[in-house]
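Pasting coords_17.cif here (mmCIF, C-alpha atoms):
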data_entry
#
loop_
_atom_site.label_atom_id
_atom_site.label_comp_id
_atom_site.auth_asym_id
_atom_site.auth_seq_id
_atom_site.Cartn_x
_atom_site.Cartn_y
_atom_site.Cartn_z
CA MET T 1 -16.17 61.19 11.23
CA PRO T 2 -13.24 58.95 12.08
CA ASP T 3 -9.74 60.32 11.65
CA GLU T 4 -7.23 58.72 9.28
CA THR T 5 -5.52 56.64 12.00
CA SER T 6 -8.70 55.05 13.31
CA LEU T 7 -9.78 54.24 9.74
CA GLN T 8 -6.47 52.53 9.15
CA GLU T 9 -6.96 50.58 12.35
CA ALA T 10 -10.42 49.61 11.20
CA VAL T 11 -9.06 48.37 7.89
CA GLU T 12 -6.38 46.34 9.68
CA ALA T 13 -8.93 44.94 12.10
CA SER T 14 -11.20 44.05 9.21
CA HIS T 15 -8.29 42.33 7.48
CA LYS T 16 -7.52 40.34 10.64
CA VAL T 17 -11.13 39.27 10.93
CA ARG T 18 -11.16 38.12 7.31
CA LEU T 19 -7.93 36.21 7.83
CA GLN T 20 -9.39 34.62 10.94
CA GLN T 21 -12.55 33.70 9.05
CA GLY T 22 -10.45 32.24 6.28
CA ARG T 23 -8.52 30.21 8.79
CA GLU T 24 -11.76 29.00 10.35
CA GLU T 25 -13.02 28.01 6.91
CA THR T 26 -9.77 26.13 6.26
CA LEU T 27 -10.04 24.39 9.61
CA TRP T 28 -13.54 23.23 8.80
CA GLU T 29 -12.78 22.43 5.16
CA LYS T 30 -13.66 18.87 4.37
CA GLY T 31 -11.49 16.40 2.52
CA ASP T 32 -12.53 13.13 0.94
CA PHE T 33 -10.28 10.17 1.56
CA LEU T 34 -10.31 6.71 -0.01
CA GLN T 35 -9.75 4.32 2.85
CA PHE T 36 -8.25 0.88 2.28
CA SER T 37 -6.45 -1.85 4.16
CA LEU T 38 -2.99 -3.27 3.62
CA GLY T 39 -1.77 -6.00 5.89
CA ASN T 40 -3.25 -5.19 9.28
CA GLU T 41 -3.10 -1.44 8.73
CA LEU T 42 -5.57 1.14 7.47
CA TYR T 43 -4.45 3.72 4.91
CA ALA T 44 -6.04 6.43 2.82
CA PHE T 45 -5.30 8.73 -0.09
CA GLU T 46 -7.17 11.96 -0.72
CA THR T 47 -9.70 11.18 -3.44
CA LYS T 48 -8.24 13.98 -5.59
CA GLU T 49 -5.11 11.80 -5.83
CA ILE T 50 -7.11 8.78 -7.04
CA GLN T 51 -7.32 8.45 -10.81
CA GLU T 52 -9.32 5.27 -11.06
CA ILE T 53 -10.25 1.99 -9.38
CA ILE T 54 -10.28 -0.95 -11.78
CA PRO T 55 -10.55 -4.73 -11.61
CA SER T 56 -7.17 -6.28 -10.95
CA PRO T 57 -5.37 -6.25 -14.35
CA LYS T 58 -2.95 -8.70 -15.91
CA ILE T 59 0.42 -7.38 -14.80
CA THR T 60 3.54 -8.02 -16.86
CA HIS T 61 6.71 -8.40 -14.84
CA VAL T 62 9.45 -5.87 -15.67
CA PRO T 63 12.86 -7.51 -16.11
CA THR T 64 15.44 -6.61 -13.49
CA ALA T 65 13.14 -4.07 -11.82
CA PRO T 66 13.33 -3.69 -8.02
CA GLU T 67 11.19 -5.94 -5.84
CA TYR T 68 8.61 -3.24 -5.12
CA VAL T 69 7.81 -2.89 -8.85
CA LEU T 70 5.26 -5.63 -9.56
CA GLY T 71 5.16 -4.87 -13.27
CA VAL T 72 3.23 -2.86 -15.82
CA PHE T 73 -0.18 -3.03 -17.43
CA HIS T 74 -2.08 -1.18 -20.11
CA ASN T 75 -5.02 0.97 -19.10
CA ARG T 76 -6.92 3.29 -21.44
CA GLY T 77 -3.97 4.01 -23.72
CA VAL T 78 -1.42 4.40 -20.93
CA ILE T 79 1.21 2.01 -19.58
CA VAL T 80 0.87 2.05 -15.80
CA PRO T 81 3.48 0.66 -13.42
CA ALA T 82 2.12 -1.37 -10.51
CA ILE T 83 3.93 -1.33 -7.19
CA ASP T 84 3.80 -3.41 -4.05
CA LEU T 85 2.67 -0.58 -1.80
CA GLY T 86 2.76 -2.76 1.30
CA GLY T 87 6.33 -3.75 0.56
CA LEU T 88 7.23 -0.14 -0.16
CA LEU T 89 5.86 0.90 3.23
CA GLY T 90 7.80 -1.83 4.96
CA LEU T 91 4.79 -4.01 5.78
CA SER T 92 5.15 -7.74 5.97
CA HIS T 93 2.41 -10.29 5.27
CA THR T 94 0.86 -8.30 2.43
CA THR T 95 -0.55 -9.93 -0.67
CA PRO T 96 0.61 -7.74 -3.55
CA LEU T 97 -0.88 -9.90 -6.29
CA ALA T 98 -3.95 -11.37 -4.65
CA SER T 99 -6.46 -12.43 -7.27
CA GLY T 100 -10.00 -11.15 -7.55
CA VAL T 101 -9.28 -7.81 -5.95
CA ARG T 102 -9.35 -4.30 -7.23
CA CYS T 103 -6.49 -2.11 -8.31
CA VAL T 104 -6.20 1.56 -7.35
CA ILE T 105 -4.44 3.98 -9.69
CA ILE T 106 -3.07 7.07 -7.97
CA GLN T 107 -1.78 10.11 -9.79
CA ALA T 108 0.32 13.19 -9.26
CA GLY T 109 0.86 15.52 -12.18
CA LYS T 110 1.15 13.50 -15.37
CA ASN T 111 2.38 10.35 -13.65
CA ALA T 112 0.32 7.47 -12.36
CA VAL T 113 1.06 4.30 -10.46
CA ALA T 114 -1.14 1.45 -9.34
CA PHE T 115 -1.31 -0.73 -6.27
CA ILE T 116 -3.54 -3.55 -5.10
CA PRO T 117 -4.95 -3.10 -1.61
CA ASP T 118 -6.19 -6.03 0.45
CA SER T 119 -9.60 -4.36 0.58
CA ILE T 120 -11.17 -1.03 -0.22
CA ILE T 121 -13.21 0.24 2.70
CA GLY T 122 -14.75 3.31 1.12
CA VAL T 123 -14.64 7.07 0.90
CA MET T 124 -14.82 9.10 4.10
CA GLY T 125 -15.34 12.83 4.30
CA LEU T 126 -13.53 14.43 7.21
CA PRO T 127 -12.47 17.93 8.24
CA VAL T 128 -8.91 18.54 7.15
CA ARG T 129 -8.14 19.60 10.73
CA ALA T 130 -8.75 15.99 11.77
CA VAL T 131 -5.46 15.05 10.10
CA GLU T 132 -2.78 14.83 12.78
CA SER T 133 0.97 14.63 12.45
CA PRO T 134 2.01 11.04 11.88
CA LEU T 135 3.77 8.96 14.51
CA PRO T 136 7.45 8.33 13.81
CA ALA T 137 7.92 5.35 11.48
CA PRO T 138 10.28 4.43 8.63
CA SER T 139 7.54 5.15 6.08
CA VAL T 140 7.10 8.62 7.63
CA GLU T 141 10.82 9.29 7.41
CA ALA T 142 10.73 8.20 3.77
CA GLY T 143 8.20 10.96 3.13
CA PHE T 144 5.33 8.70 2.11
CA VAL T 145 2.99 9.76 4.93
CA LYS T 146 1.09 13.07 5.15
CA GLY T 147 -0.54 12.43 8.48
CA GLN T 148 -3.00 10.27 10.32
CA ILE T 149 -6.65 10.35 11.34
CA ARG T 150 -8.04 8.83 14.53
CA LEU T 151 -11.39 7.10 14.10
CA LYS T 152 -12.63 5.76 17.46
CA ASP T 153 -10.23 2.91 18.15
CA LYS T 154 -8.55 2.96 14.71
CA ILE T 155 -5.79 5.03 13.16
CA VAL T 156 -5.88 5.67 9.41
CA VAL T 157 -2.56 6.68 7.88
CA ILE T 158 -2.87 9.30 5.13
CA LEU T 159 -0.39 8.66 2.33
CA ASP T 160 1.18 11.15 -0.06
CA ALA T 161 0.67 10.09 -3.68
CA ARG T 162 3.16 12.62 -5.00
CA ALA T 163 5.92 11.33 -2.74
CA ILE T 164 5.17 7.75 -3.72
CA LEU T 165 5.23 8.67 -7.41
CA GLU T 166 8.46 10.60 -7.32
CA GLY T 167 11.05 8.23 -8.69
CA SER T 168 13.79 9.69 -6.57
CA LYS T 169 11.88 8.87 -3.41
CA ILE T 170 10.83 5.41 -4.49
CA LYS T 171 12.81 3.07 -2.36
CA ALA T 172 11.43 0.37 -0.18
CA VAL T 173 11.32 0.95 3.56
CA ARG T 174 13.28 -1.90 5.06
CA MET I 175 2.53 9.80 -35.77
CA ALA I 176 0.78 7.31 -38.06
CA GLY I 177 1.89 3.96 -39.40
CA ASP I 178 3.33 0.75 -38.06
CA VAL I 179 6.64 -0.36 -36.62
CA THR I 180 7.94 -3.83 -37.52
CA MET I 181 9.64 -5.78 -34.80
CA LEU I 182 10.85 -9.28 -34.08
CA VAL I 183 9.19 -10.67 -30.98
CA PHE I 184 11.06 -13.16 -28.83
CA GLU I 185 10.74 -14.63 -25.37
CA LEU I 186 13.34 -14.92 -22.67
CA ALA I 187 12.77 -16.24 -19.15
CA GLY I 188 9.02 -15.91 -19.57
CA ILE I 189 9.04 -12.27 -20.70
CA ARG I 190 8.32 -11.09 -24.24
CA TYR I 191 10.53 -8.59 -25.99
CA GLY I 192 10.38 -6.73 -29.27
CA THR I 193 13.52 -5.74 -31.13
CA ASP I 194 14.34 -3.87 -34.32
CA ILE I 195 14.15 -6.44 -37.09
CA SER I 196 16.65 -4.54 -39.22
CA HIS I 197 19.37 -5.51 -36.71
CA ILE I 198 18.77 -9.24 -37.24
CA LEU I 199 20.48 -11.12 -40.07
CA GLY I 200 18.65 -14.36 -39.44
CA MET I 201 17.83 -17.09 -36.98
CA GLU I 202 19.41 -20.45 -36.14
CA ARG I 203 18.62 -23.26 -33.72
CA MET I 204 20.96 -24.22 -30.89
CA ARG I 205 21.79 -27.88 -31.20
CA GLY I 206 21.39 -30.06 -28.17
CA ARG I 207 22.70 -33.49 -29.06
CA GLU I 208 24.55 -32.85 -32.30
CA PRO I 209 27.32 -30.43 -31.44
CA HIS I 210 27.97 -27.36 -33.55
CA GLU I 211 31.16 -26.86 -35.44
CA TYR I 212 33.43 -24.35 -33.75
CA ASP I 213 36.35 -22.31 -35.06
CA SER I 214 39.66 -21.82 -33.25
CA GLU I 215 38.23 -18.83 -31.33
CA GLY I 216 35.33 -20.85 -29.98
CA ARG I 217 32.75 -19.29 -32.28
CA ILE I 218 30.00 -21.48 -33.71
CA ILE I 219 30.22 -21.83 -37.48
CA PHE I 220 26.72 -21.54 -38.90
CA PRO I 221 26.85 -22.56 -42.59
CA LYS I 222 24.67 -19.61 -43.60
CA TYR I 223 26.26 -16.90 -41.45
CA GLY I 224 29.81 -18.08 -40.79
CA PRO I 225 31.63 -17.80 -37.42
CA THR I 226 29.23 -16.44 -34.82
CA ARG I 227 30.10 -15.35 -31.30
CA ILE I 228 27.39 -16.65 -28.97
CA VAL I 229 26.03 -14.11 -26.50
CA ASP I 230 23.72 -15.19 -23.73
CA ILE I 231 21.72 -12.20 -22.45
CA VAL I 232 19.71 -14.20 -19.95
CA GLU I 233 21.96 -12.89 -17.19
CA ASN I 234 21.20 -9.32 -18.26
CA LEU I 235 17.44 -9.72 -18.59
CA GLY I 236 16.52 -12.98 -16.95
CA GLU I 237 17.34 -12.10 -13.35
CA GLY I 238 19.39 -15.23 -12.95
CA SER I 239 16.48 -17.51 -13.73
CA GLY I 240 18.19 -19.14 -16.71
CA HIS I 241 16.53 -20.23 -19.94
CA SER I 242 13.04 -21.65 -19.67
CA THR I 243 13.60 -24.27 -22.37
CA GLY I 244 16.19 -26.97 -22.98
CA ILE I 245 19.28 -26.09 -24.97
CA GLY I 246 18.00 -27.97 -28.02
CA SER I 247 14.94 -25.70 -28.19
CA LEU I 248 16.80 -22.42 -27.90
CA ARG I 249 17.05 -20.07 -30.86
CA VAL I 250 19.96 -17.87 -31.90
CA LEU I 251 19.27 -14.43 -33.37
CA VAL I 252 22.24 -13.68 -35.58
CA MET I 253 23.32 -10.04 -35.72
CA GLN I 254 26.09 -8.42 -37.68
CA GLY I 255 28.79 -7.15 -35.35
CA GLU I 256 31.76 -4.86 -36.00
CA GLU I 257 34.30 -7.67 -36.08
CA ASP I 258 32.19 -10.81 -36.31
CA ASN I 259 28.61 -11.92 -36.14
CA ALA I 260 26.97 -12.16 -32.75
CA GLY I 261 24.37 -14.80 -31.92
CA VAL I 262 21.93 -13.82 -29.21
CA VAL I 263 20.40 -16.84 -27.48
CA VAL I 264 16.66 -16.58 -26.75
CA ASP I 265 14.08 -19.08 -25.50
CA LYS I 266 11.50 -18.69 -28.26
CA VAL I 267 10.92 -16.56 -31.33
CA ARG I 268 7.29 -15.49 -31.60
CA GLY I 269 7.57 -14.02 -35.06
CA VAL I 270 7.53 -10.67 -36.77
CA ARG I 271 4.83 -8.19 -35.72
CA LYS I 272 3.65 -4.95 -37.23
CA ILE I 273 2.54 -2.78 -34.37
CA PRO I 274 0.89 0.62 -34.78
CA PHE I 275 2.89 3.58 -33.49
CA THR I 276 -0.07 4.36 -31.26
CA GLN I 277 0.63 1.14 -29.35
CA VAL I 278 4.27 2.02 -28.66
CA TYR I 279 5.03 3.83 -25.40
CA PRO I 280 8.08 5.19 -23.60
CA LEU I 281 9.00 3.56 -20.30
CA PRO I 282 6.98 5.06 -17.44
CA SER I 283 9.18 7.58 -15.65
CA LEU I 284 8.94 5.55 -12.45
CA LEU I 285 10.78 2.71 -14.16
CA GLU I 286 13.59 4.79 -15.60
CA GLY I 287 16.88 3.64 -14.16
CA THR I 288 15.30 0.63 -12.47
CA THR I 289 15.53 -1.82 -15.35
CA SER I 290 18.11 -2.71 -18.00
CA PRO I 291 19.36 0.36 -19.91
CA ALA I 292 18.84 -1.65 -23.11
CA ILE I 293 15.06 -1.51 -22.57
CA PHE I 294 13.87 1.73 -24.10
CA GLY I 295 10.13 1.33 -24.36
CA ILE I 296 7.02 -0.78 -24.22
CA ALA I 297 4.65 -1.92 -26.96
CA ARG I 298 1.23 -3.43 -26.78
CA ASP I 299 0.58 -6.49 -28.93
CA GLY I 300 -3.07 -7.35 -28.41
CA GLU I 301 -3.39 -8.05 -24.70
CA GLU I 302 0.34 -8.70 -24.33
CA VAL I 303 2.91 -6.15 -23.22
CA LEU I 304 6.30 -6.29 -24.96
CA PHE I 305 9.47 -4.67 -23.75
CA LEU I 306 11.36 -2.96 -26.55
CA VAL I 307 15.00 -3.85 -26.30
CA ASP I 308 18.11 -2.70 -28.13
CA LEU I 309 19.93 -5.98 -28.70
CA ARG I 310 23.08 -4.25 -29.97
CA ASN I 311 23.38 -2.52 -26.63
CA LEU I 312 22.99 -5.83 -24.79
CA VAL I 313 25.49 -7.58 -27.05
CA GLU I 314 28.07 -4.88 -26.38
CA ASP I 315 27.37 -5.05 -22.65
CA ALA I 316 27.53 -8.85 -22.55
CA GLY I 317 30.73 -8.74 -24.58
CA LYS I 318 32.35 -6.51 -21.98
CA LYS I 319 31.32 -8.84 -19.16
CA ASP I 320 32.26 -12.13 -20.81
CA GLU I 321 35.22 -12.13 -23.08
CA GLY I 322 34.62 -15.14 -25.29
CA ASN I 323 31.81 -17.59 -25.72
CA GLU I 324 29.54 -19.13 -23.22
CA ARG I 325 27.23 -22.06 -23.03
CA PRO I 326 23.57 -21.14 -22.49
CA ARG I 327 22.44 -21.97 -18.99
CA GLU I 328 19.22 -23.89 -18.43
CA ARG I 329 16.83 -23.07 -15.63
CA GLY I 330 17.34 -25.11 -12.54
#
Show me, as structure tokens, the structure contained in the file I just sent.
Amino acid sequence: MPDETSLQEAVEASHKVRLQQGREETLWEKGDFLQFSLGNELYAFETKEIQEIIPSPKITHVPTAPEYVLGVFHNRGVIVPAIDLGGLLGLSHTTPLASGVRCVIIQAGKNAVAFIPDSIIGVMGLPVRAVESPLPAPSVEAGFVKGQIRLKDKIVVILDARAILEGSKIKAVR
Amino acid sequence: MAGDVTMLVFELAGIRYGTDISHILGMERMRGREPHEYDSEGRIIFPKYGPTRIVDIVENLGEGSGHSTGIGSLRVLVMQGEEDNAGVVVDKVRGVRKIPFTQVYPLPSLLEGTTSPAIFGIARDGEEVLFLVDLRNLVEDAGKKDEGNERPRERG
């Protein structure tokens, strides 16, 4: 029969193993990301941050709003602001109001905001551990970037919907 | 909350606004060729409303784009002020609308502080989006910026 000390050690060891298993599970946990292009770059949001993808709506310009606010539109009983995400991230040569494209509504808490990507590539499921720290960039310093994923010869930048939605952080990267 | 809210809908620099109709005494037309009669303080004398201080809010809401119509097509929304009447110059008056409370929304939080403080909400009129604006607030603000009257500025 084991004495009290060895039992305690066994409990601690068991706890460590469980923690390790939990960590392994976390490392292998999969996340779904909506991948899209803006300018010449590839970006993604976690699908849990995506509220809806809709046909490009009629956007009403907001008087005196900053350049990155494209306007507002009505969607299912809610007024949604639309932003020029490319402009916000400091990209040039983006087409914030291209016609015939789709609009992505992202959400964090009760707030939502929409943007119009150049193209939507699709949803990719990847282990969360595949997300690396982002390379230094103004958009990273602004807090808009969670990380990046390497896919063969491409890098997909993972954006943070909450940071983009927080009014205090909304300021264009210039 | 049930019921409707009645608002006057007008257009300025291509954007539609809704304002509380109870603040508006009436409407006049800006004259292009035939000049108005002015009093010694430079206020236009409208026969129906008397001396009216003209306030051009296109600088506050129009982002410097100026009016989208010629001076002769502009309308003046006459409001009762503390000392005299104020005439707010707008491009077009679209009429009076009854809009259900369910179609009236606060400004999205992301827009708070980014647009004119006189804009306090948004309403949906069919497929159109209207910005709800407190004209009294704009008149006070414009009055502080421009002591006296001004001539409406056309786009160009």
Residues at most 9 Å from range 251-268 of chain I, counting all atoms listed in the file, excluding those fewer than 4 positions away in the same chain, as a PyMOL selection string?
chain I and resi 182-188+190+197-204+218+223-232+241-245+247+309-310+313+326
Practice problem: Please return, as a PyMOL selection string, all residues of chain T lying within 9 Å of chain I when all atoms listed in the file are considered. | Solution: chain T and resi 58-66+69+72-74+77-81+111-113+165-168+170
The residue from I:Phe275, I:Ile219, I:Arg205, I:Asp213 with the smallest atom-to-atom distance to Gly246 in chain I, counting all atoms listed in the file, is I:Arg205
* **Exercise: Ile149 in chain T partners within 6 Å, all atoms listed in the file, chain neighbours under 2 positions left out, as a list in words** =>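 Returned residues: Val131, Ile155 and Val156 of chain T.
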Once the PyMOL selection byres ((chain T and resi 123) around 6) has been evaluated on this model, what residues remain selected, and can you format them as a VMD selection string?
chain T and resid 33 to 35 122 124
Exercise for the section: Would you work out the distance separating CA of Ser196 in chain I from CA of Pro221 in chain I, expressed in Å to one decimal? Expected result: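 Those two atoms sit 21.0 Å apart.
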Given all atoms listed in the file as the counted atoms, nearest of T:Val157, T:Val104, T:Val145, T:Ile121 to Glu41 in chain T |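 The shortest atom-to-atom distance to Glu41 in chain T comes from T:Val157.
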With distances taken over all atoms listed in the file, the candidate from I:Pro209, I:Val250, I:Arg271, I:Val307 nearest Asp178 in chain I is I:Arg271
Q | Separation of CA of Gly147 in chain T from CA of Leu85 in chain T in Å | A |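 CA of Leu85 in chain T sits 16.9 Å away from CA of Gly147 in chain T.
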CA of Phe294 in chain I sits from CA of Gly71 in chain T at a separation of 15.4 Å
- Item | Selected residue of minimal separation from Ile106 in chain T among T:Ser37, T:Arg162, T:Lys146, T:Asp32, counting all atoms listed in the file |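 Of all the options, T:Arg162 lies closest to Ile106 in chain T.
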Centre, x/y/z edge lengths, axis-aligned box for range 186-199 of chain I with 6 Å per side, as AutoDock Vina command-line options:
--center_x 14.4 --center_y -10.1 --center_z -29.6 --size_x 24.2 --size_y 24.4 --size_z 32.9
